[in-house]
Amino acid sequence: MADDERRDEPGGEQPEAEAPPAEEPPAEEPPAEEPPVQEPPSEAPEGEPEAAEGEGEPEAEEAPARAPGASAEPKKAKDLPPGAELEPITLEPRRELGAEERARLEAEEEERARREAEATAEAGDDEPVARREPKVELSADTTIQATGKRKSSIARVVLRAGEGGFTVNGRELDSYFPRPYHQTVARQALTASGYDGAVDIRARVHGGGISGQADAVRHGIARALCEIDPELRGDLKRRGLLTRDARAKERRKAGLKKARKRPQFSKR
């Protein structure tokens, strides 16, 4: 009773107000788990028993056994010698030519010979020069010498009366000049002047190649024929048989690789 009176009196002690209890944070609710989907049981056909577990599954391939201490990484390219990745070259044995290939090669050879024969016929298609009568005949003891030149070849020609013999460096014409074209070139002056078969030719030639030597022999014979019959000079000159062909390989110059080929320029 006394306590109630104190509360009612002014200025009396007030009892302490009770603090409201602290609100606890709401606990997080776990997400609702979805119910697992149930697969319908597979219906096995009647009369067949269900396969045992693991019976139908393919077995996993076994990994190749690795040597102890060997590294799992392959060898790097820098560790391999150069060219290790290339396949070795195998030389094929030389095969024999078939019938078709042999026939093709023979046809090409025949075509080449035909073209050469045509070129020879064109070179030798010179009509005899109109000469005065009677024809100049050489005595048995007459000998005429002349010199012919072409490129680097020099031919010394000796012309005598005879029956058409022709020797070059002690050999017959067809033996020294195997090609018909070169034989025709060497005889061209005799054919053009009409003295072929009326004189014997003996020539000595050196220097140059086979083509230059044939031209040098022709040049020497043309000069010798002009000494026998001076009236032949105009006709032989017109055909270009007396003109010394001065064309030759150009000489090499100092500082150059060949006649005109220069070394490659390098800035540094």
# chains A, B, ... in the order shown; residues from 1 in each chain; ligands from 1
call {"tool": "select_by_dssp", "arguments": {"residues": "region 146-240 of chain A", "states": "alpha helix (DSSP H)", "output": "MDAnalysis selection string"}}
result
chainID A and resid 173:176 180:193 210:228 233:238
call {"tool": "residues_around", "arguments": {"residues": "Gln183 (chain A)", "least_positions_apart": "4", "cutoff": "9 Å", "atoms": "only C-alpha atoms", "output": "ChimeraX atom specification"}}
result
/A:120,173-174,176-179,187-188,214
call {"tool": "residues_around", "arguments": {"residues": "Arg223 (chain A)", "least_positions_apart": "4", "cutoff": "9 Å", "atoms": "only C-alpha atoms", "output": "ChimeraX atom specification"}}
result
/A:145-148,218-219,227,233,241-242
call {"tool": "residues_around", "arguments": {"residues": "Gly207 (chain A)", "least_positions_apart": "2", "cutoff": "7 Å", "atoms": "only C-alpha atoms", "output": "list of chain:residue names"}}
result
A:Ser152, A:Ser153, A:Ile154, A:Gly209
call {"tool": "residues_around", "arguments": {"residues": "Glu250 (chain A)", "least_positions_apart": "5", "cutoff": "12 Å", "atoms": "only C-alpha atoms", "output": "PyMOL selection string"}}
result
chain A and resi 151-152+258-261
call {"tool": "write_last_selection", "arguments": {"atoms": "all heavy atoms", "output": "PDB file, in the first residue's frame"}}
result
ATOM      1  N   LYS A 151      84.942 -15.398-136.127  1.00  0.00           N
ATOM      2  CA  LYS A 151      85.018 -15.451-134.668  1.00  0.00           C
ATOM      3  C   LYS A 151      86.474 -15.629-134.248  1.00  0.00           C
ATOM      4  O   LYS A 151      87.332 -14.816-134.588  1.00  0.00           O
ATOM      5  CB  LYS A 151      84.135 -16.572-134.109  1.00  0.00           C
ATOM      6  CG  LYS A 151      82.648 -16.349-134.291  1.00  0.00           C
ATOM      7  CD  LYS A 151      81.851 -17.436-133.599  1.00  0.00           C
ATOM      8  CE  LYS A 151      80.372 -17.208-133.767  1.00  0.00           C
ATOM      9  NZ  LYS A 151      79.578 -18.279-133.129  1.00  0.00           N
ATOM     10  N   SER A 152      86.773 -16.714-133.526  1.00  0.00           N
ATOM     11  CA  SER A 152      88.154 -16.975-133.094  1.00  0.00           C
ATOM     12  C   SER A 152      88.818 -18.045-133.939  1.00  0.00           C
ATOM     13  O   SER A 152      89.911 -18.512-133.586  1.00  0.00           O
ATOM     14  CB  SER A 152      88.167 -17.404-131.619  1.00  0.00           C
ATOM     15  OG  SER A 152      87.620 -16.403-130.799  1.00  0.00           O
ATOM     16  N   LYS A 258      80.926 -10.067-116.429  1.00  0.00           N
ATOM     17  CA  LYS A 258      81.118 -10.515-117.810  1.00  0.00           C
ATOM     18  C   LYS A 258      81.268  -9.266-118.670  1.00  0.00           C
ATOM     19  O   LYS A 258      81.734  -8.239-118.186  1.00  0.00           O
ATOM     20  CB  LYS A 258      79.929 -11.370-118.261  1.00  0.00           C
ATOM     21  CG  LYS A 258      79.802 -12.665-117.481  1.00  0.00           C
ATOM     22  CD  LYS A 258      78.918 -13.674-118.171  1.00  0.00           C
ATOM     23  CE  LYS A 258      77.519 -13.154-118.390  1.00  0.00           C
ATOM     24  NZ  LYS A 258      76.651 -14.172-119.000  1.00  0.00           N
ATOM     25  N   ALA A 259      80.881  -9.372-119.935  1.00  0.00           N
ATOM     26  CA  ALA A 259      81.056  -8.233-120.824  1.00  0.00           C
ATOM     27  C   ALA A 259      80.249  -7.026-120.359  1.00  0.00           C
ATOM     28  O   ALA A 259      80.734  -5.887-120.374  1.00  0.00           O
ATOM     29  CB  ALA A 259      80.655  -8.619-122.246  1.00  0.00           C
ATOM     30  N   ARG A 260      79.013  -7.252-119.907  1.00  0.00           N
ATOM     31  CA  ARG A 260      78.160  -6.146-119.485  1.00  0.00           C
ATOM     32  C   ARG A 260      77.462  -6.405-118.158  1.00  0.00           C
ATOM     33  O   ARG A 260      76.807  -5.504-117.633  1.00  0.00           O
ATOM     34  CB  ARG A 260      77.096  -5.867-120.561  1.00  0.00           C
ATOM     35  CG  ARG A 260      77.714  -5.489-121.892  1.00  0.00           C
ATOM     36  CD  ARG A 260      76.678  -5.027-122.882  1.00  0.00           C
ATOM     37  NE  ARG A 260      77.282  -4.686-124.169  1.00  0.00           N
ATOM     38  CZ  ARG A 260      76.627  -4.159-125.181  1.00  0.00           C
ATOM     39  NH1 ARG A 260      75.335  -3.898-125.070  1.00  0.00           N
ATOM     40  NH2 ARG A 260      77.248  -3.875-126.316  1.00  0.00           N
ATOM     41  N   LYS A 261      77.576  -7.592-117.609  1.00  0.00           N
ATOM     42  CA  LYS A 261      76.916  -7.906-116.352  1.00  0.00           C
ATOM     43  C   LYS A 261      77.665  -7.261-115.187  1.00  0.00           C
ATOM     44  O   LYS A 261      78.866  -7.478-115.021  1.00  0.00           O
ATOM     45  CB  LYS A 261      76.852  -9.419-116.154  1.00  0.00           C
ATOM     46  CG  LYS A 261      76.113  -9.829-114.905  1.00  0.00           C
ATOM     47  CD  LYS A 261      76.082 -11.329-114.761  1.00  0.00           C
ATOM     48  CE  LYS A 261      75.342 -11.737-113.493  1.00  0.00           C
ATOM     49  NZ  LYS A 261      75.336 -13.204-113.319  1.00  0.00           N
TER      50      LYS A 261
END
call {"tool": "atom_distance", "arguments": {"atom1": "CA of Ala121 (chain A)", "atom2": "CA of Ala107 (chain A)"}}
result
20.9 Å
call {"tool": "atom_distance", "arguments": {"atom1": "CA of Ile221 (chain A)", "atom2": "CA of Ala113 (chain A)"}}
result
27.5 Å
call {"tool": "atom_distance", "arguments": {"atom1": "CA of Ala224 (chain A)", "atom2": "CA of Asn169 (chain A)"}}
result
17.9 Å
call {"tool": "residues_around", "arguments": {"residues": "Thr143 (chain A)", "least_positions_apart": "5", "cutoff": "7 Å", "atoms": "only C-alpha atoms", "output": "mmCIF file with N, CA and C atoms, in the first residue's frame"}}
result
data_model
loop_
_atom_site.group_PDB
_atom_site.id
_atom_site.type_symbol
_atom_site.label_atom_id
_atom_site.label_comp_id
_atom_site.auth_asym_id
_atom_site.auth_seq_id
_atom_site.Cartn_x
_atom_site.Cartn_y
_atom_site.Cartn_z
ATOM 1 N N VAL A 158 94.338 -24.598 -148.856
ATOM 2 C CA VAL A 158 95.198 -24.862 -150.013
ATOM 3 C C VAL A 158 94.314 -25.477 -151.090
ATOM 4 N N LEU A 159 94.277 -24.831 -152.272
ATOM 5 C CA LEU A 159 93.415 -25.262 -153.379
ATOM 6 C C LEU A 159 94.290 -25.759 -154.528
ATOM 7 N N ARG A 160 93.999 -26.970 -155.020
ATOM 8 C CA ARG A 160 94.747 -27.559 -156.136
ATOM 9 C C ARG A 160 93.762 -28.186 -157.116
#
call {"tool": "decode", "arguments": {"residues": "region 96-118 of chain A", "atoms": "N, CA, C and O atoms", "output": "short mmCIF file (atom, residue, chain, number, x, y, z; two decimals), in the first residue's frame"}}
result
data_model
loop_
_atom_site.label_atom_id
_atom_site.label_comp_id
_atom_site.auth_asym_id
_atom_site.auth_seq_id
_atom_site.Cartn_x
_atom_site.Cartn_y
_atom_site.Cartn_z
N GLU A 96 62.19 -48.21 -116.86
CA GLU A 96 62.41 -48.38 -118.29
C GLU A 96 61.33 -47.62 -119.07
O GLU A 96 60.20 -47.51 -118.63
N LEU A 97 61.74 -47.09 -120.22
CA LEU A 97 60.81 -46.34 -121.05
C LEU A 97 59.82 -47.28 -121.69
O LEU A 97 60.17 -48.36 -122.17
N GLY A 98 58.57 -46.83 -121.71
CA GLY A 98 57.55 -47.63 -122.36
C GLY A 98 57.60 -47.46 -123.87
O GLY A 98 58.37 -46.67 -124.43
N ALA A 99 56.75 -48.22 -124.54
CA ALA A 99 56.73 -48.17 -126.00
C ALA A 99 56.29 -46.78 -126.49
O ALA A 99 56.84 -46.26 -127.46
N GLU A 100 55.31 -46.18 -125.82
CA GLU A 100 54.82 -44.87 -126.25
C GLU A 100 55.90 -43.79 -126.07
O GLU A 100 56.09 -42.94 -126.94
N GLU A 101 56.61 -43.84 -124.94
CA GLU A 101 57.64 -42.84 -124.71
C GLU A 101 58.79 -42.99 -125.70
O GLU A 101 59.33 -42.00 -126.20
N ARG A 102 59.18 -44.23 -125.99
CA ARG A 102 60.23 -44.44 -126.98
C ARG A 102 59.80 -43.94 -128.35
O ARG A 102 60.60 -43.32 -129.07
N ALA A 103 58.54 -44.19 -128.70
CA ALA A 103 58.04 -43.71 -129.99
C ALA A 103 58.03 -42.18 -130.03
O ALA A 103 58.37 -41.57 -131.05
N ARG A 104 57.66 -41.55 -128.91
CA ARG A 104 57.64 -40.08 -128.88
C ARG A 104 59.05 -39.51 -129.04
O ARG A 104 59.27 -38.55 -129.78
N LEU A 105 60.03 -40.11 -128.35
CA LEU A 105 61.41 -39.63 -128.46
C LEU A 105 61.95 -39.82 -129.88
O LEU A 105 62.66 -38.96 -130.41
N GLU A 106 61.61 -40.94 -130.49
CA GLU A 106 62.05 -41.17 -131.87
C GLU A 106 61.42 -40.15 -132.82
O GLU A 106 62.08 -39.67 -133.75
N ALA A 107 60.14 -39.84 -132.59
CA ALA A 107 59.47 -38.85 -133.45
C ALA A 107 60.12 -37.48 -133.29
O ALA A 107 60.32 -36.76 -134.28
N GLU A 108 60.48 -37.10 -132.05
CA GLU A 108 61.15 -35.82 -131.85
C GLU A 108 62.51 -35.79 -132.54
O GLU A 108 62.90 -34.77 -133.13
N GLU A 109 63.24 -36.89 -132.47
CA GLU A 109 64.54 -36.95 -133.14
C GLU A 109 64.40 -36.84 -134.65
O GLU A 109 65.17 -36.15 -135.32
N GLU A 110 63.38 -37.51 -135.21
CA GLU A 110 63.15 -37.42 -136.65
C GLU A 110 62.77 -36.00 -137.06
O GLU A 110 63.21 -35.50 -138.10
N GLU A 111 61.94 -35.34 -136.24
CA GLU A 111 61.54 -33.97 -136.55
C GLU A 111 62.74 -33.04 -136.52
O GLU A 111 62.89 -32.15 -137.36
N ARG A 112 63.64 -33.25 -135.52
CA ARG A 112 64.84 -32.41 -135.44
C ARG A 112 65.74 -32.62 -136.66
O ARG A 112 66.29 -31.68 -137.23
N ALA A 113 65.88 -33.90 -137.08
CA ALA A 113 66.70 -34.18 -138.26
C ALA A 113 66.08 -33.57 -139.52
O ALA A 113 66.79 -33.08 -140.40
N ARG A 114 64.72 -33.60 -139.60
CA ARG A 114 64.06 -33.03 -140.77
C ARG A 114 64.28 -31.52 -140.85
O ARG A 114 64.56 -30.97 -141.93
N ARG A 115 64.17 -30.83 -139.70
CA ARG A 115 64.39 -29.39 -139.71
C ARG A 115 65.83 -29.05 -140.08
O ARG A 115 66.08 -28.08 -140.80
N GLU A 116 66.76 -29.85 -139.58
CA GLU A 116 68.16 -29.60 -139.92
C GLU A 116 68.41 -29.82 -141.41
O GLU A 116 69.16 -29.08 -142.04
N ALA A 117 67.75 -30.85 -141.98
CA ALA A 117 67.91 -31.09 -143.41
C ALA A 117 67.32 -29.95 -144.24
O ALA A 117 67.89 -29.54 -145.26
N GLU A 118 66.17 -29.39 -143.76
CA GLU A 118 65.59 -28.26 -144.47
C GLU A 118 66.50 -27.03 -144.42
O GLU A 118 66.67 -26.33 -145.42
#
